[in-house]
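A.B. asks: For reference, the file my_file-v6.txt (compact mmCIF, C-alpha atoms and all ligand atoms) is included below:
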```
# COMPACT_ATOMS: atom_id res chain seq x y z
CA MET A 564 -16.61 4.26 6.94
CA ASP A 565 -19.35 1.68 6.35
CA SER A 566 -19.57 0.18 2.89
CA TRP A 567 -22.86 -1.33 1.66
CA PRO A 568 -24.34 -4.85 1.82
CA ALA A 569 -22.90 -7.36 -0.65
CA PRO A 570 -25.24 -9.06 -3.13
CA ASP A 571 -25.05 -12.86 -3.34
CA VAL A 572 -22.74 -14.18 -6.04
CA PRO A 573 -23.72 -17.70 -7.14
CA ASN A 574 -20.98 -20.32 -7.47
CA LEU A 575 -20.34 -21.48 -11.01
CA PRO A 576 -18.88 -24.74 -12.27
CA GLY A 577 -15.34 -24.60 -13.68
CA ARG A 578 -13.21 -21.49 -13.82
CA ALA A 579 -12.97 -18.30 -15.87
CA PRO A 580 -9.83 -17.51 -17.90
CA GLU A 581 -7.56 -14.66 -16.77
CA THR A 582 -9.04 -11.24 -17.49
CA LYS A 583 -7.15 -8.87 -19.73
CA ILE A 584 -7.77 -5.15 -19.50
CA TRP A 585 -6.55 -2.19 -21.50
CA ASP A 586 -3.76 -0.49 -19.58
CA THR A 587 -3.67 3.27 -20.18
CA ALA A 588 -0.01 3.53 -19.15
CA THR A 589 1.40 0.91 -21.55
CA ARG A 590 -1.38 1.30 -24.14
CA ALA A 591 -1.80 -2.44 -24.43
CA LEU A 592 -4.00 -5.26 -23.22
CA ALA A 593 -2.54 -6.88 -20.12
CA ILE A 594 -3.45 -9.58 -17.60
CA ALA A 595 -5.18 -7.54 -14.92
CA ALA A 596 -3.84 -9.52 -11.94
CA PRO A 597 -1.03 -12.06 -12.37
CA GLY A 598 -0.90 -13.15 -8.70
CA LEU A 599 -3.27 -15.18 -6.56
CA GLN A 600 -4.50 -12.08 -4.76
CA ALA A 601 -5.92 -9.32 -6.95
CA ARG A 602 -5.73 -5.77 -5.59
CA LEU A 603 -7.88 -2.94 -6.91
CA TYR A 604 -8.11 0.72 -6.01
CA ALA A 605 -11.02 2.59 -7.57
CA CYS A 606 -11.29 6.32 -7.06
CA GLY A 607 -14.54 7.02 -5.26
CA ILE A 608 -17.07 9.82 -5.31
CA THR A 609 -16.91 13.40 -4.15
CA PRO A 610 -20.24 13.36 -2.31
CA TYR A 611 -21.83 16.72 -3.11
CA ASP A 612 -24.55 15.47 -5.43
CA ALA A 613 -26.33 12.16 -6.10
CA THR A 614 -24.87 9.23 -8.06
CA HIS A 615 -25.36 9.88 -11.77
CA MET A 616 -25.15 7.44 -14.68
CA GLY A 617 -21.49 8.34 -15.31
CA HIS A 618 -20.51 7.27 -11.80
CA ALA A 619 -22.72 4.19 -12.02
CA ALA A 620 -21.16 3.13 -15.33
CA THR A 621 -17.60 3.34 -13.98
CA TYR A 622 -18.41 1.43 -10.78
CA VAL A 623 -20.30 -1.25 -12.72
CA ALA A 624 -17.24 -1.64 -14.98
CA TRP A 625 -14.94 -2.34 -11.99
CA ASP A 626 -17.64 -4.61 -10.59
CA LEU A 627 -17.34 -6.75 -13.74
CA LEU A 628 -13.59 -6.94 -13.19
CA ILE A 629 -13.99 -8.07 -9.57
CA ARG A 630 -16.58 -10.67 -10.54
CA ALA A 631 -14.28 -11.96 -13.29
CA TRP A 632 -11.34 -12.14 -10.90
CA ARG A 633 -13.38 -14.11 -8.37
CA ASP A 634 -14.65 -16.41 -11.11
CA ALA A 635 -11.03 -17.03 -12.14
CA GLY A 636 -10.18 -18.10 -8.58
CA HIS A 637 -8.49 -14.93 -7.32
CA GLY A 638 -8.92 -13.53 -3.86
CA VAL A 639 -9.75 -9.84 -4.26
CA ILE A 640 -8.93 -6.86 -2.10
CA TYR A 641 -10.90 -3.83 -3.22
CA VAL A 642 -10.38 -0.35 -1.79
CA GLN A 643 -12.27 2.82 -2.63
CA ASN A 644 -12.01 6.32 -1.19
CA VAL A 645 -14.62 9.01 -0.61
CA THR A 646 -13.39 12.56 -1.14
CA ASP A 647 -15.45 13.85 1.75
CA VAL A 648 -13.64 17.17 2.03
CA ASP A 649 -12.71 19.13 -1.10
CA GLU A 650 -13.43 22.42 -2.88
CA PRO A 651 -16.60 21.43 -4.76
CA LEU A 652 -18.17 19.91 -1.64
CA LEU A 653 -17.40 22.98 0.48
CA GLU A 654 -18.67 25.31 -2.26
CA ARG A 655 -21.94 23.41 -2.65
CA ALA A 656 -22.54 23.33 1.11
CA ASP A 657 -21.84 27.05 1.25
CA ARG A 658 -24.19 27.78 -1.66
CA ASP A 659 -27.00 25.80 -0.02
CA GLY A 660 -26.35 27.08 3.51
CA GLU A 661 -25.74 23.55 4.78
CA GLU A 662 -23.00 22.03 6.91
CA TRP A 663 -20.50 20.30 4.60
CA GLN A 664 -20.50 17.19 6.83
CA GLU A 665 -24.27 16.88 6.54
CA LEU A 666 -24.20 17.21 2.77
CA ALA A 667 -21.45 14.58 2.51
CA GLU A 668 -23.19 12.17 4.85
CA ARG A 669 -26.50 12.40 2.98
CA GLU A 670 -24.93 11.91 -0.45
CA ILE A 671 -22.76 9.02 0.75
CA ALA A 672 -25.87 7.29 2.13
CA LEU A 673 -27.61 7.75 -1.22
CA TYR A 674 -24.55 6.44 -3.08
CA ARG A 675 -24.50 3.32 -0.88
CA SER A 676 -28.16 2.56 -1.57
CA ASP A 677 -27.73 3.20 -5.32
CA MET A 678 -24.74 0.84 -5.48
CA ALA A 679 -26.58 -1.84 -3.50
CA ALA A 680 -29.63 -1.55 -5.78
CA LEU A 681 -27.40 -1.99 -8.85
CA ARG A 682 -25.87 -5.11 -7.26
CA VAL A 683 -22.39 -3.59 -7.26
CA LEU A 684 -20.07 -5.53 -4.95
CA PRO A 685 -18.93 -3.30 -2.07
CA PRO A 686 -15.27 -2.46 -1.51
CA ASP A 687 -13.57 -4.22 1.41
CA GLU A 688 -12.53 -0.77 2.59
CA LEU A 689 -14.43 2.44 1.90
CA ILE A 690 -12.22 5.17 3.30
CA GLY A 691 -13.11 8.83 3.66
CA ALA A 692 -10.46 11.52 3.36
CA VAL A 693 -11.48 12.90 6.75
CA GLU A 694 -10.99 9.61 8.56
CA ALA A 695 -7.70 9.10 6.66
CA MET A 696 -6.21 12.41 7.88
CA PRO A 697 -3.55 10.78 10.15
CA LEU A 698 -2.28 8.52 7.38
CA ILE A 699 -2.31 11.35 4.84
CA GLU A 700 -0.30 13.40 7.32
CA ARG A 701 2.25 10.56 7.70
CA PHE A 702 2.47 10.19 3.94
CA ASN A 703 3.08 13.93 3.53
CA GLN A 704 5.85 13.76 6.11
CA ARG A 705 7.58 11.07 4.09
CA LEU A 706 7.45 13.33 1.04
CA ALA A 707 8.88 16.16 3.13
CA ASP A 708 11.65 13.86 4.44
CA ARG A 709 12.63 13.15 0.83
CA GLY A 710 13.00 16.87 0.16
CA SER A 711 10.25 16.81 -2.46
CA VAL A 712 8.02 19.58 -1.08
CA TYR A 713 8.18 23.38 -0.87
CA GLU A 714 6.13 26.14 0.64
CA LEU A 715 4.32 28.95 -1.16
CA ASP A 716 2.41 31.39 1.05
CA ALA A 717 1.87 28.65 3.66
CA ASP A 718 0.56 26.15 1.07
CA ILE A 719 2.76 23.10 0.51
CA TYR A 720 3.52 21.87 -3.00
CA PHE A 721 5.02 18.65 -4.33
CA THR A 722 7.86 19.13 -6.77
CA ARG A 723 7.11 16.89 -9.70
CA PHE A 724 10.80 16.82 -10.72
CA ALA A 725 11.40 14.61 -7.66
CA ASP A 726 9.91 11.76 -9.69
CA PRO A 727 11.95 10.70 -12.72
CA ASP A 728 8.98 8.69 -13.99
CA PHE A 729 6.52 11.58 -13.91
CA GLY A 730 4.36 11.35 -17.05
CA SER A 731 4.44 7.57 -17.34
CA VAL A 732 0.69 7.14 -16.83
CA SER A 733 -0.66 9.71 -19.30
CA TRP A 734 2.35 10.33 -21.61
CA LEU A 735 1.00 13.80 -22.36
CA ASP A 736 3.09 16.77 -23.47
CA THR A 737 3.66 19.56 -20.97
CA ALA A 738 1.27 22.02 -22.62
CA THR A 739 -1.61 19.51 -22.56
CA MET A 740 -0.80 18.64 -18.95
CA ALA A 741 -1.01 22.32 -17.99
CA GLU A 742 -4.32 22.71 -19.80
CA LEU A 743 -5.85 19.67 -18.08
CA ALA A 744 -4.45 20.62 -14.67
CA ALA A 745 -6.16 24.03 -14.97
CA GLU A 746 -9.47 22.38 -15.90
CA ARG A 747 -9.30 19.73 -13.18
CA GLY A 748 -8.51 21.40 -9.88
CA GLY A 749 -4.85 22.38 -10.46
CA ASP A 750 -3.33 25.86 -10.47
CA PRO A 751 -0.64 25.93 -13.19
CA ALA A 752 -0.87 29.73 -13.49
CA ARG A 753 -0.18 30.49 -9.82
CA PRO A 754 2.89 32.73 -9.59
CA GLY A 755 5.79 31.53 -7.46
CA LYS A 756 5.49 27.80 -8.16
CA LYS A 757 8.72 26.01 -9.08
CA ASP A 758 6.92 24.33 -11.95
CA PRO A 759 3.39 25.06 -13.21
CA LEU A 760 2.44 21.38 -12.94
CA ASP A 761 3.42 20.95 -9.28
CA PRO A 762 0.30 19.89 -7.36
CA VAL A 763 -0.68 21.16 -3.95
CA LEU A 764 -0.04 18.66 -1.17
CA TRP A 765 -1.40 20.59 1.80
CA MET A 766 -3.53 23.72 1.63
CA ALA A 767 -3.13 26.13 4.53
CA GLU A 768 -6.33 26.84 6.45
CA ARG A 769 -8.70 29.28 4.65
CA PRO A 770 -11.13 31.43 6.66
CA GLY A 771 -14.44 29.65 7.15
CA GLU A 772 -13.11 26.31 5.87
CA PRO A 773 -12.42 23.17 7.91
CA SER A 774 -8.81 22.36 8.77
CA TRP A 775 -6.76 19.68 10.47
CA PRO A 776 -3.50 20.02 12.40
CA SER A 777 -0.26 18.92 10.72
CA ASP A 778 3.46 19.59 10.85
CA PHE A 779 2.90 22.00 7.93
CA GLY A 780 0.39 23.95 10.04
CA PRO A 781 -3.41 23.68 10.05
CA GLY A 782 -4.98 22.94 6.67
CA ARG A 783 -6.36 20.21 4.48
CA PRO A 784 -4.83 17.77 1.99
CA GLY A 785 -4.58 18.09 -1.76
CA TRP A 786 -6.68 15.68 -3.79
CA HIS A 787 -3.97 13.45 -5.27
CA VAL A 788 -2.21 12.68 -2.01
CA GLU A 789 -5.51 11.48 -0.56
CA CYS A 790 -5.63 8.55 -3.00
CA ALA A 791 -1.87 7.91 -2.91
CA ALA A 792 -1.93 7.58 0.89
CA ILE A 793 -5.13 5.52 1.12
CA ALA A 794 -4.28 3.14 -1.73
CA THR A 795 -0.78 2.30 -0.52
CA ARG A 796 -1.87 1.98 3.11
CA TYR A 797 -4.69 -0.51 2.41
CA LEU A 798 -3.29 -2.35 -0.63
CA GLY A 799 0.46 -2.23 -0.03
CA GLU A 800 3.12 -0.26 -1.90
CA GLU A 801 2.41 -2.09 -5.16
CA PHE A 802 -0.99 -3.25 -6.32
CA ASP A 803 -2.65 -4.44 -9.50
CA VAL A 804 -5.08 -1.88 -10.86
CA GLN A 805 -5.88 1.79 -10.31
CA ALA A 806 -9.29 2.52 -11.83
CA GLY A 807 -11.36 5.58 -12.59
CA GLY A 808 -13.09 7.55 -15.30
CA ARG A 809 -10.91 8.86 -18.13
CA ASP A 810 -11.13 12.37 -16.66
CA LEU A 811 -8.82 11.11 -13.90
CA VAL A 812 -5.87 10.07 -16.11
CA PHE A 813 -4.31 13.49 -15.75
CA PRO A 814 -3.61 15.05 -13.37
CA HIS A 815 -5.13 12.77 -10.72
CA HIS A 816 -3.70 9.33 -11.44
CA GLU A 817 -0.41 10.74 -12.75
CA MET A 818 0.09 12.75 -9.56
CA SER A 819 -0.99 10.01 -7.14
CA ALA A 820 1.48 7.60 -8.76
CA ALA A 821 4.28 10.20 -8.62
CA HIS A 822 3.55 10.91 -4.94
CA ALA A 823 3.69 7.21 -4.12
CA ARG A 824 6.96 6.51 -6.00
CA VAL A 825 8.69 9.40 -4.23
CA ALA A 826 7.21 8.92 -0.74
CA LEU A 827 7.97 5.20 -0.71
CA ALA A 828 11.30 5.54 -2.57
CA ASN A 829 10.14 2.74 -4.82
CA PRO A 830 10.01 3.18 -8.61
CA ASP A 831 7.49 0.31 -8.80
CA ALA A 832 5.16 1.73 -6.18
CA PHE A 833 1.47 2.24 -6.94
CA ALA A 834 -0.52 0.46 -9.65
CA ARG A 835 0.84 -2.00 -12.20
CA ARG A 836 -2.07 -1.18 -14.52
CA TYR A 837 -4.39 1.77 -15.07
CA ALA A 838 -7.98 1.17 -16.20
CA HIS A 839 -10.05 4.10 -17.42
CA ALA A 840 -13.71 4.28 -18.29
CA GLY A 841 -15.18 6.44 -21.04
CA MET A 842 -17.44 9.37 -20.28
CA VAL A 843 -21.20 9.06 -20.13
CA ARG A 844 -22.87 12.06 -21.72
CA LEU A 845 -26.31 13.60 -21.89
CA ASP A 846 -27.17 15.25 -25.22
CA GLY A 847 -23.53 15.07 -26.30
CA GLU A 848 -22.06 16.71 -23.16
CA LYS A 849 -20.16 14.89 -20.39
CA MET A 850 -22.53 14.25 -17.50
CA SER A 851 -21.00 16.23 -14.64
CA LYS A 852 -21.99 17.67 -11.35
CA SER A 853 -20.48 21.00 -12.29
CA LEU A 854 -22.53 21.23 -15.52
CA GLY A 855 -25.66 19.90 -13.82
CA ASN A 856 -26.77 17.79 -16.84
CA LEU A 857 -27.42 14.71 -14.77
CA VAL A 858 -29.56 11.59 -14.76
CA PHE A 859 -29.56 10.19 -11.24
CA VAL A 860 -29.80 6.51 -10.36
CA SER A 861 -31.95 7.39 -7.34
CA THR A 862 -34.47 9.34 -9.44
CA LEU A 863 -35.05 6.40 -11.78
CA LEU A 864 -35.36 4.06 -8.80
CA ALA A 865 -37.81 6.38 -7.03
CA ASP A 866 -39.92 6.35 -10.21
CA GLY A 867 -40.28 2.60 -9.75
CA ASN A 868 -37.85 1.48 -12.46
CA ASP A 869 -36.10 -1.88 -12.14
CA PRO A 870 -32.46 -1.41 -11.07
CA MET A 871 -31.54 -4.36 -13.28
CA ALA A 872 -32.79 -2.40 -16.31
CA ILE A 873 -30.49 0.48 -15.32
CA ARG A 874 -27.58 -1.92 -14.99
CA LEU A 875 -28.36 -3.49 -18.37
CA THR A 876 -28.43 -0.03 -19.99
CA LEU A 877 -24.90 0.59 -18.70
CA LEU A 878 -23.65 -2.85 -19.75
CA ALA A 879 -24.84 -2.30 -23.32
CA HIS A 880 -21.81 -0.01 -23.80
CA HIS A 881 -18.17 -1.07 -23.61
CA TYR A 882 -16.65 0.59 -20.55
CA ARG A 883 -13.98 2.39 -22.57
CA GLN A 884 -16.47 4.01 -24.92
CA ASP A 885 -18.02 7.45 -24.51
CA TRP A 886 -21.78 7.21 -24.93
CA ASP A 887 -25.00 9.11 -24.42
CA TRP A 888 -27.62 8.15 -21.86
CA THR A 889 -30.97 8.18 -23.72
CA ASP A 890 -34.55 7.22 -22.91
CA GLU A 891 -34.44 4.89 -25.94
CA GLY A 892 -31.39 3.08 -24.57
CA PHE A 893 -33.12 2.64 -21.22
CA ALA A 894 -36.33 1.39 -22.89
CA ALA A 895 -34.32 -1.10 -24.98
CA ALA A 896 -32.66 -2.45 -21.82
CA THR A 897 -36.03 -2.77 -20.12
CA ASP A 898 -37.27 -4.85 -23.09
CA ARG A 899 -34.10 -6.92 -23.08
CA LEU A 900 -34.51 -7.69 -19.38
CA ALA A 901 -38.11 -8.80 -19.93
CA ALA A 902 -37.03 -11.03 -22.82
CA TRP A 903 -34.25 -12.63 -20.75
CA ARG A 904 -36.64 -13.26 -17.86
CA ALA A 905 -39.20 -14.85 -20.15
CA ALA A 906 -36.44 -16.97 -21.73
CA ALA A 907 -35.19 -18.11 -18.31
CA MET A 908 -38.74 -19.18 -17.36
CA ALA A 909 -39.06 -21.10 -20.63
CA ALA A 910 -35.65 -22.70 -20.11
CA ASP A 911 -36.40 -23.67 -16.49
CA ALA A 912 -38.56 -26.46 -17.93
CA ASP A 913 -37.23 -29.94 -17.51
CA GLU A 914 -34.98 -30.93 -20.38
CA ALA A 915 -36.11 -34.54 -20.62
CA ALA A 916 -39.77 -33.54 -20.72
CA GLN A 917 -39.16 -30.99 -23.45
CA GLY A 918 -36.53 -32.79 -25.51
CA GLY A 919 -34.46 -29.58 -25.11
CA ASN A 920 -30.79 -28.78 -24.80
CA GLY A 921 -29.50 -28.31 -21.23
CA ALA A 922 -25.92 -28.16 -22.53
CA ALA A 923 -26.85 -24.72 -23.87
CA GLY A 924 -26.31 -23.44 -20.31
CA LEU A 925 -22.65 -24.50 -20.28
CA GLU A 926 -22.13 -22.94 -23.69
CA VAL A 927 -23.54 -19.65 -22.42
CA LEU A 928 -21.31 -19.80 -19.33
CA GLU A 929 -18.13 -20.37 -21.33
CA ALA A 930 -19.01 -17.70 -23.90
CA LEU A 931 -19.80 -15.14 -21.18
CA ARG A 932 -16.49 -15.85 -19.46
CA GLU A 933 -14.63 -15.49 -22.71
CA ARG A 934 -16.26 -12.13 -23.57
CA ILE A 935 -15.66 -10.60 -20.14
CA ALA A 936 -12.04 -11.84 -19.95
CA ASP A 937 -11.47 -9.88 -23.18
CA ASP A 938 -11.24 -6.36 -21.70
CA LEU A 939 -14.66 -6.59 -20.03
CA ASP A 940 -16.60 -6.88 -23.28
CA ALA A 941 -20.05 -6.46 -21.73
CA PRO A 942 -21.85 -5.68 -25.04
CA GLY A 943 -20.45 -8.95 -26.43
CA ALA A 944 -21.65 -10.76 -23.31
CA LEU A 945 -25.15 -9.33 -23.70
CA GLY A 946 -25.14 -10.62 -27.28
CA VAL A 947 -24.36 -14.11 -26.00
CA VAL A 948 -27.37 -14.01 -23.68
CA ASP A 949 -29.58 -12.48 -26.41
CA ASP A 950 -28.75 -15.40 -28.73
CA TRP A 951 -29.52 -17.93 -26.00
CA ALA A 952 -32.77 -16.12 -25.13
CA ALA A 953 -33.95 -16.30 -28.74
CA VAL A 954 -33.40 -20.06 -28.77
CA ALA A 955 -34.90 -20.53 -25.30
CA LEU A 956 -38.04 -18.58 -26.19
CA GLY A 957 -38.46 -20.97 -29.10
CA GLY A 958 -38.27 -23.91 -26.66
CA GLY A 959 -34.77 -24.96 -27.79
CA ALA A 960 -32.82 -24.54 -24.55
CA ALA A 961 -34.98 -26.36 -22.01
CA GLY A 962 -33.11 -27.24 -18.82
CA SER A 963 -30.50 -24.48 -19.26
CA GLY A 964 -32.42 -21.91 -17.17
CA PRO A 965 -30.81 -22.48 -13.74
CA LEU A 966 -27.22 -22.36 -15.01
CA VAL A 967 -27.83 -19.32 -17.22
CA ARG A 968 -29.53 -17.47 -14.35
CA ALA A 969 -26.53 -18.23 -12.14
CA ALA A 970 -24.01 -17.21 -14.83
CA VAL A 971 -25.82 -13.97 -15.69
CA ASP A 972 -26.03 -13.15 -11.98
CA ALA A 973 -22.43 -14.05 -11.02
CA ILE A 974 -20.70 -12.63 -14.10
CA LEU A 975 -22.91 -9.71 -15.14
CA GLY A 976 -24.56 -8.92 -11.79
CA ILE A 977 -28.01 -9.18 -13.38
CA GLU A 978 -30.64 -11.00 -11.35
CA LEU A 979 -33.26 -12.55 -13.61
N1 LIG B 1 -13.42 11.80 -5.72
C1 LIG B 1 -12.80 11.88 -7.00
C2 LIG B 1 -11.91 10.69 -7.29
S1 LIG B 1 -10.72 10.43 -6.02
C3 LIG B 1 -13.84 12.01 -8.12
O1 LIG B 1 -13.43 12.11 -9.27
N2 LIG B 1 -15.11 11.98 -7.75
S2 LIG B 1 -16.34 12.11 -8.77
O2 LIG B 1 -17.52 12.01 -7.95
O3 LIG B 1 -16.21 13.29 -9.56
O4 LIG B 1 -16.28 10.91 -9.75
C4 LIG B 1 -16.37 9.57 -9.28
C5 LIG B 1 -15.98 8.61 -10.41
O5 LIG B 1 -16.91 8.74 -11.48
C6 LIG B 1 -14.60 8.90 -11.03
O6 LIG B 1 -13.99 7.66 -11.40
C7 LIG B 1 -14.94 9.70 -12.27
O7 LIG B 1 -13.93 9.57 -13.26
C8 LIG B 1 -16.23 9.03 -12.70
N3 LIG B 1 -17.09 9.91 -13.52
C9 LIG B 1 -17.50 11.16 -13.25
N4 LIG B 1 -18.29 11.65 -14.25
C10 LIG B 1 -18.38 10.65 -15.18
C11 LIG B 1 -19.06 10.51 -16.45
N5 LIG B 1 -19.80 11.47 -16.95
N6 LIG B 1 -18.92 9.34 -17.13
C12 LIG B 1 -18.17 8.33 -16.61
N7 LIG B 1 -17.51 8.40 -15.42
C13 LIG B 1 -17.62 9.54 -14.71
ZN ZN B 2 -8.82 9.32 -6.52
```
In structure tokens, what does this structure look like?

C.D. replies:
Amino acid sequence: MDSWPAPDVPNLPGRAPETKIWDTATRALAIAAPGLQARLYACGITPYDATHMGHAATYVAWDLLIRAWRDAGHGVIYVQNVTDVDEPLLERADRDGEEWQELAEREIALYRSDMAALRVLPPDELIGAVEAMPLIERFNQRLADRGSVYELDADIYFTRFADPDFGSVSWLDTATMAELAAERGGDPARPGKKDPLDPVLWMAERPGEPSWPSDFGPGRPGWHVECAAIATRYLGEEFDVQAGGRDLVFPHHEMSAAHARVALANPDAFARRYAHAGMVRLDGEKMSKSLGNLVFVSTLLADGNDPMAIRLTLLAHHYRQDWDWTDEGFAAATDRLAAWRAAAMAADADEAAQGGNGAAGLEVLEALRERIADDLDAPGALGVVDDWAAVALGGGAAGSGPLVRAAVDAILGIEL
């Protein structure tokens, strides 16, 4: 499906160092992409409600990674899915007496405009589950050919024991896995399963629900196989980073990786690294569509707020932290943006005329690159710009304005 328009990314002098990110699977910092071409798969939205600050924070985090990769000289291939058919979407459409396709289409359009407003770089491929049905079907057939599926009342399950490396993303014990699976779309208590953790691969058609033909009979795909099939089709069997919020570590990323290793008969298939963002909360509770405690990007934009102030609010927190969205945080970011803009105007002045310090721009550039290469340390990067702004507002960084504007734009996605 269509992505959204790309913001300009200014060219910068020199080159960024290699970015390290925290890898959930190995619990260590690691070079995010060792090769020339960097490949990223970020799990996309389930479009049954508008983009909230939790979504925005995770997509801005991966946006920093892509910008850092480009700044380090990598080519980037970025793929994202849209879960445009799934339980919560069908339930919401049913509740509101709306066609599920209409609901999905409207929310996807809103998501695109929110991402564009926040200057998030678009994926090269934005792939909906519905349009990916033929490739999901082929992927499922490969799993069936490997003898790793079984039927239960016409539903098809994946046997997790087919993958000797199952568990190598989350490293959780079985009891915790079962608990999380039950919370996050799984059915560990369903009688008749070979193992409680086995995820559904293909759900037989339910009355009143959409279905697609397949060799298993009419139905629709399970959630995890959607991402396994799309990621490996558009990025190749092995790619650099699988990214998502921390609520996706188990079962989603664990299961997608297991599906891919078994379907492709390749123990190295799927992501080399797993990046997970912390949860954005409201009043101490995870912001979630199911709880309804949401702050929407589109609402703040409709109220006339500056999208760059929203982006700066998100960047004030390290992506791996859990944090609360607050009015105070948003007001502080709005002030910070105004201060940076005033500083850039002051620093646009000609260095020779002011007796200033144009080299301050290069120092800011190098310090920003260094902070972001260190596990996307956005709060540290904002501190670098704050320090420069204080000097610039005092007239001490004349001539550095153009380079700092370009660096803040290209690296942080903030247009001053
Ligand atoms: N469609 C699936 C992924 S294949 C899905 O999880 N969709 S979602 O709409 O629920 O979430 C989209 C992305 O936002 C996921 O990476 C999810 O982990 C992240 N996310 C959801 N809620 C929050 C939150 N409160 N804070 C941070 N990230 C969140
Ligand atoms: Zn996913």

A.B. asks: Counting only C-alpha atoms, figure out which residue out of A:Pro651, A:Ala579, A:Leu684, A:Arg883 gets nearest to Gly636 (chain A).

C.D. replies: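 Ranked by minimum distance to Gly636 (chain A), first place goes to A:Ala579.
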
A.B. asks: Got a sec: who's within 8 Å of region 799-805 of chain A, counting only C-alpha atoms, leaving out chain neighbours fewer than 6 positions off, as a list in words?

C.D. replies: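 After dropping sequence-adjacent residues, the list is Ala595, Ala596, Ala601, Arg602, Leu603, Tyr604, Ala605, Cys606, His816, Ala823, Leu827, Asp831, Ala832, Phe833, Ala834, Arg835, Arg836, Tyr837 and Ala838 of chain A.
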
A.B. asks: Would you mind listing the residues within 7 Å of ligand ZN 2 (chain B), counting all atoms listed in the file, as a compact mmCIF listing (two decimals) with C-alpha atoms, in the coordinates of the input?

C.D. replies:
```
# COMPACT_ATOMS: atom_id res chain seq x y z
CA CYS A 606 -11.29 6.32 -7.06
CA GLY A 607 -14.54 7.02 -5.26
CA ASN A 644 -12.01 6.32 -1.19
CA HIS A 787 -3.97 13.45 -5.27
CA CYS A 790 -5.63 8.55 -3.00
CA HIS A 815 -5.13 12.77 -10.72
```

A.B. asks: Can you tell me which residues sit at most 6 Å away from ligand LIG 1 (chain B), counting all atoms listed in the file, written as a PDB file with C-alpha atoms, in the frame of the given file?

C.D. replies:
```pdb
ATOM      1  CA  CYS A 606     -11.290   6.320  -7.060  1.00  0.00           C
ATOM      2  CA  GLY A 607     -14.540   7.020  -5.260  1.00  0.00           C
ATOM      3  CA  ILE A 608     -17.070   9.820  -5.310  1.00  0.00           C
ATOM      4  CA  THR A 609     -16.910  13.400  -4.150  1.00  0.00           C
ATOM      5  CA  GLY A 617     -21.490   8.340 -15.310  1.00  0.00           C
ATOM      6  CA  HIS A 618     -20.510   7.270 -11.800  1.00  0.00           C
ATOM      7  CA  THR A 621     -17.600   3.340 -13.980  1.00  0.00           C
ATOM      8  CA  VAL A 645     -14.620   9.010  -0.610  1.00  0.00           C
ATOM      9  CA  THR A 646     -13.390  12.560  -1.140  1.00  0.00           C
ATOM     10  CA  GLY A 807     -11.360   5.580 -12.590  1.00  0.00           C
ATOM     11  CA  GLY A 808     -13.090   7.550 -15.300  1.00  0.00           C
ATOM     12  CA  ARG A 809     -10.910   8.860 -18.130  1.00  0.00           C
ATOM     13  CA  ASP A 810     -11.130  12.370 -16.660  1.00  0.00           C
ATOM     14  CA  LEU A 811      -8.820  11.110 -13.900  1.00  0.00           C
ATOM     15  CA  GLY A 841     -15.180   6.440 -21.040  1.00  0.00           C
ATOM     16  CA  MET A 842     -17.440   9.370 -20.280  1.00  0.00           C
ATOM     17  CA  VAL A 843     -21.200   9.060 -20.130  1.00  0.00           C
ATOM     18  CA  ARG A 844     -22.870  12.060 -21.720  1.00  0.00           C
ATOM     19  CA  LYS A 849     -20.160  14.890 -20.390  1.00  0.00           C
ATOM     20  CA  MET A 850     -22.530  14.250 -17.500  1.00  0.00           C
ATOM     21  CA  SER A 851     -21.000  16.230 -14.640  1.00  0.00           C
TER      22      SER A 851
END
```

A.B. asks: Which distance in Å separates CA of Ala923 (chain A) and CA of Ala941 (chain A), to one decimal?

C.D. replies: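 It comes out at 19.6 Å.
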
A.B. asks: Near Val788 (chain A), counting all atoms listed in the file, which residues have an atom at most 12 Å away, once you skip same-chain residues fewer than 3 positions from it, shown as a ChimeraX atom specification?

C.D. replies: /A:644,646,692,695-696,698-706,719-721,762-766,783-785,791-796,814-826

A.B. asks: Hey, can you check how far CA of Gly892 (chain A) sits from CA of Asp940 (chain A)?

C.D. replies: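 Atom-to-atom, CA of Gly892 (chain A) and CA of Asp940 (chain A) are spaced 17.9 Å apart.
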
A.B. asks: Determine the nearest neighbour of Glu933 (chain A) from the options A:Gly691, A:Pro573, A:Pro776, A:Pro580, counting only C-alpha atoms.

C.D. replies: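 Among the listed residues, the smallest separation from Glu933 (chain A) belongs to A:Pro580.
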
A.B. asks: Measuring atom to atom with only C-alpha atoms, identify which of A:Ala707, A:Ile690, A:Leu845, A:Leu798 is nearest to Gln600 (chain A).

C.D. replies: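 So, comparing all the options, the nearest one is A:Leu798.
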
A.B. asks: Considering all atoms listed in the file, state which residue in the set A:Glu746, A:Asp728, A:Asp937, A:Glu688 is at the smallest distance from Ser853 (chain A).

C.D. replies: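 Selected residue with least distance to Ser853 (chain A): A:Glu746.
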
A.B. asks: I'd like the contact shell of Val683 (chain A) - 8 Å cut-off, only C-alpha atoms, skipping same-chain residues fewer than 3 positions apart - returned as number ranges by chain.

C.D. replies: A: 569-570, 622-623, 626, 678-680, 976

A.B. asks: Assuming 3 Å of padding per side, give the centre and edge lengths of the axis-aligned box around every listed atom of region 739-758 of chain A, in Å to one decimal and as lines of an AutoDock Vina configuration file.

C.D. replies:
```
center_x = -0.4
center_y = 25.7
center_z = -15.0
size_x = 24.2
size_y = 20.1
size_z = 21.1
```
